[in-house]
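Student: Take a look at upload_1.cif, mmCIF, C-alpha atoms:
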data_work
#
loop_
_atom_site.label_atom_id
_atom_site.label_comp_id
_atom_site.auth_asym_id
_atom_site.auth_seq_id
_atom_site.Cartn_x
_atom_site.Cartn_y
_atom_site.Cartn_z
CA MET F 201 62.70 -84.86 -73.55
CA GLU F 202 64.57 -88.15 -73.22
CA ASP F 203 66.30 -87.73 -76.58
CA LEU F 204 67.79 -84.29 -75.75
CA ASN F 205 71.47 -84.48 -74.90
CA ILE F 206 71.60 -82.02 -72.00
CA ARG F 207 74.91 -81.97 -70.16
CA HIS F 208 76.59 -80.26 -67.20
CA PHE F 209 79.98 -78.71 -68.02
CA LYS F 210 82.65 -77.64 -65.55
CA LEU F 211 84.77 -74.96 -67.23
CA THR F 212 88.40 -74.10 -66.53
CA ASN F 213 87.37 -70.62 -65.33
CA GLY F 214 85.30 -72.23 -62.54
CA GLU F 215 81.88 -71.77 -64.13
CA ASP F 216 79.33 -74.56 -64.20
CA ILE F 217 76.99 -74.50 -67.18
CA VAL F 218 74.15 -76.70 -68.37
CA ALA F 219 73.29 -76.81 -72.06
CA VAL F 220 71.82 -78.84 -74.89
CA VAL F 221 74.62 -80.36 -76.95
CA SER F 222 74.08 -79.56 -80.63
CA ALA F 223 77.28 -81.25 -81.76
CA LYS F 224 80.59 -82.57 -80.54
CA ASN F 225 83.33 -81.75 -83.03
CA LYS F 226 87.01 -82.62 -83.21
CA ASP F 227 88.10 -79.88 -80.79
CA ASN F 228 84.91 -78.26 -79.43
CA TRP F 229 81.32 -78.66 -78.32
CA LEU F 230 78.46 -76.70 -79.89
CA LEU F 231 76.18 -75.85 -76.99
CA GLU F 232 72.65 -74.55 -77.40
CA ARG F 233 70.92 -72.35 -74.80
CA PRO F 234 73.59 -72.62 -72.12
CA VAL F 235 72.77 -71.44 -68.61
CA ILE F 236 75.10 -70.86 -65.72
CA VAL F 237 74.53 -72.76 -62.48
CA ASN F 238 74.69 -70.55 -59.38
CA PRO F 239 74.72 -71.85 -55.80
CA ASN F 240 72.11 -70.19 -53.58
CA LEU F 241 72.06 -69.47 -49.85
CA MET F 242 69.86 -72.46 -49.03
CA GLY F 243 72.42 -74.98 -50.34
CA GLY F 244 70.63 -75.46 -53.65
CA TYR F 245 71.25 -74.12 -57.11
CA SER F 246 69.62 -71.75 -59.55
CA PHE F 247 70.00 -71.11 -63.26
CA ALA F 248 70.82 -67.81 -64.96
CA PRO F 249 71.47 -66.97 -68.63
CA TRP F 250 75.14 -67.54 -69.51
CA PHE F 251 75.22 -64.54 -71.87
CA PRO F 252 72.29 -62.46 -70.62
CA PHE F 253 72.75 -59.59 -73.09
CA SER F 254 72.97 -61.67 -76.26
CA LYS F 255 70.30 -63.24 -78.46
CA THR F 256 72.82 -65.86 -79.62
CA LYS F 257 71.57 -69.34 -78.85
CA VAL F 258 74.47 -71.56 -79.95
CA PHE F 259 78.00 -71.24 -78.58
CA LYS F 260 81.23 -73.01 -79.47
CA VAL F 261 83.23 -74.09 -76.41
CA ALA F 262 86.70 -75.51 -76.98
CA PHE F 263 87.66 -78.75 -75.24
CA SER F 264 90.61 -76.86 -73.73
CA ASN F 265 88.11 -74.72 -71.76
CA ILE F 266 86.28 -77.71 -70.29
CA ILE F 267 87.47 -79.70 -67.28
CA ASN F 268 84.69 -82.29 -67.43
CA SER F 269 81.13 -82.87 -68.59
CA THR F 270 78.41 -85.29 -67.64
CA GLY F 271 74.77 -86.02 -68.33
CA ILE F 272 72.26 -84.60 -65.86
CA ASP F 273 69.52 -86.18 -63.75
CA PRO F 274 65.95 -86.16 -65.13
CA ASP F 275 64.77 -83.72 -62.41
CA VAL F 276 67.52 -81.24 -63.28
CA LYS F 277 66.78 -81.71 -66.98
CA GLU F 278 63.14 -80.83 -66.37
CA SER F 279 64.12 -77.75 -64.32
CA TYR F 280 66.55 -76.65 -67.03
CA LEU F 281 63.95 -77.01 -69.79
CA GLN F 282 61.36 -75.09 -67.74
CA PHE F 283 63.89 -72.30 -67.09
CA VAL F 284 64.77 -72.03 -70.80
CA LEU F 285 61.10 -71.96 -71.82
CA ASP F 286 60.31 -69.30 -69.19
CA MET F 287 63.34 -67.28 -70.33
CA ASN F 288 62.07 -67.38 -73.94
CA LYS F 289 58.64 -66.18 -72.81
CA GLN F 290 60.24 -63.28 -70.91
CA LEU F 291 62.29 -62.29 -73.95
CA LYS F 292 59.15 -62.36 -76.10
CA LYS F 293 57.35 -60.09 -73.62
CA ILE F 294 60.29 -57.67 -73.63
CA GLU F 295 60.43 -57.64 -77.44
CA ASP F 296 56.67 -57.08 -77.67
CA GLY F 297 56.91 -54.28 -75.11
CA ASN F 298 59.77 -52.67 -77.00
CA GLN F 299 57.81 -52.80 -80.27
CA GLN F 300 54.82 -51.16 -78.61
CA MET F 301 57.02 -48.49 -77.02
CA LEU F 302 58.68 -47.75 -80.38
CA ALA F 303 55.30 -47.44 -82.09
CA GLU F 304 54.12 -45.00 -79.41
CA MET F 305 57.31 -42.96 -79.72
CA GLU F 306 56.99 -42.81 -83.52
CA ALA F 307 53.38 -41.64 -83.25
CA ASP F 308 54.40 -39.01 -80.69
CA ILE F 309 57.23 -37.74 -82.92
CA GLU F 310 54.98 -37.60 -85.98
CA GLU F 311 52.41 -35.64 -83.99
CA LYS F 312 55.03 -33.16 -82.73
CA VAL F 313 56.57 -32.69 -86.19
CA GLY F 314 53.10 -32.14 -87.65
CA GLN F 315 52.38 -29.55 -84.97
CA MET F 316 55.68 -27.81 -85.74
CA PHE F 317 54.70 -27.57 -89.42
CA GLU F 318 51.32 -26.16 -88.46
CA ASP F 319 52.97 -23.62 -86.19
CA GLY F 320 55.34 -22.63 -88.98
CA VAL F 321 58.47 -23.66 -87.11
CA LEU F 322 59.65 -26.05 -89.83
CA VAL F 323 58.35 -24.03 -92.80
CA LYS F 324 61.00 -22.08 -94.65
CA LYS F 325 59.77 -18.53 -94.93
CA LYS F 326 60.58 -16.49 -98.01
CA ARG F 327 62.72 -13.52 -97.30
CA ILE F 328 61.69 -10.28 -98.90
CA LEU F 329 64.54 -8.13 -100.10
CA HIS F 330 63.99 -4.38 -100.37
#
What is this file in structure tokens?

Tutor:
Amino acid sequence: MEDLNIRHFKLTNGEDIVAVVSAKNKDNWLLERPVIVNPNLMGGYSFAPWFPFSKTKVFKVAFSNIINSTGIDPDVKESYLQFVLDMNKQLKKIEDGNQQMLAEMEADIEEKVGQMFEDGVLVKKKRILH
């Protein structure tokens, strides 16, 4: 945990994000598993996925979009890592649930199509010409 370069970034659009730094290039940072920092009503903060509808894990952020960055305290680092691990577990549960739901839907469709064949709905009947 000590060797991970986890930093807090203040972006020009006002967002605060925390992420693992994969690389620092000539004109951008490569950030892995970024999360947005949201203030809560109790005066503390909470994490949320930065791009909640994407499976992408590494993002390129140009220096021109960053006001400042700094390392984070060990307690915040631990909270960040726990959030990311929990988020990965949730995604795995969703993916597993989706796979199960798809399998059930496929079985249901196969059953209905089979029933339609048995009932003669999908069988092409020969026409008799007189």

Student: For each of F:Trp229, F:Val221, F:Ala262, F:Val276, take the minimum atom-to-atom distance to Gly244 in chain F, counting all atoms listed in the file, then give the residue where this is smallest.

Tutor: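 Nearest to Gly244 in chain F: F:Val276.
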
Student: Would you write out, as a ChimeraX atom specification, every residue that the PyMOL selection byres ((chain F and resi 209-213) around 12) captures in this file?

Tutor: /F:206-208,214-221,229,231,234-237,261-272

Student: Could you tell me how far CA of Phe283 in chain F sits from CA of Asp203 in chain F, in Å to one decimal place?

Tutor: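 CA of Phe283 in chain F lies at a distance of 18.3 Å from CA of Asp203 in chain F.
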
Student: Which distance in Å separates CA of Ser246 in chain F and CA of Glu278 in chain F, to one decimal?

Tutor: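 Distance between the two atoms: 13.1 Å.
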
Student: Can you translate the PyMOL selection byres ((chain F and resi 252) around 12) into the concrete residues it hits in this file, as a list in words?

Tutor: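 When the PyMOL selection byres ((chain F and resi 252) around 12) is applied to the shown file, the picked residues are Arg233, Pro234, Val235, Ile236, Phe247, Ala248, Pro249, Trp250, Phe251, Phe253, Ser254, Lys255, Thr256, Lys257, Met287, Asn288 and Leu291 of chain F.
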
Student: Pick from F:Leu204, F:Pro274, F:Glu310, F:Tyr245: nearest to Glu232 in chain F, with all atoms listed in the file counted?

Tutor: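 Closest to Glu232 in chain F, using all atoms listed in the file: F:Leu204.
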
Student: Would you work out the distance separating CA of Leu281 in chain F from CA of Asn238 in chain F, expressed in Å to one decimal?

Tutor: 16.3 Å
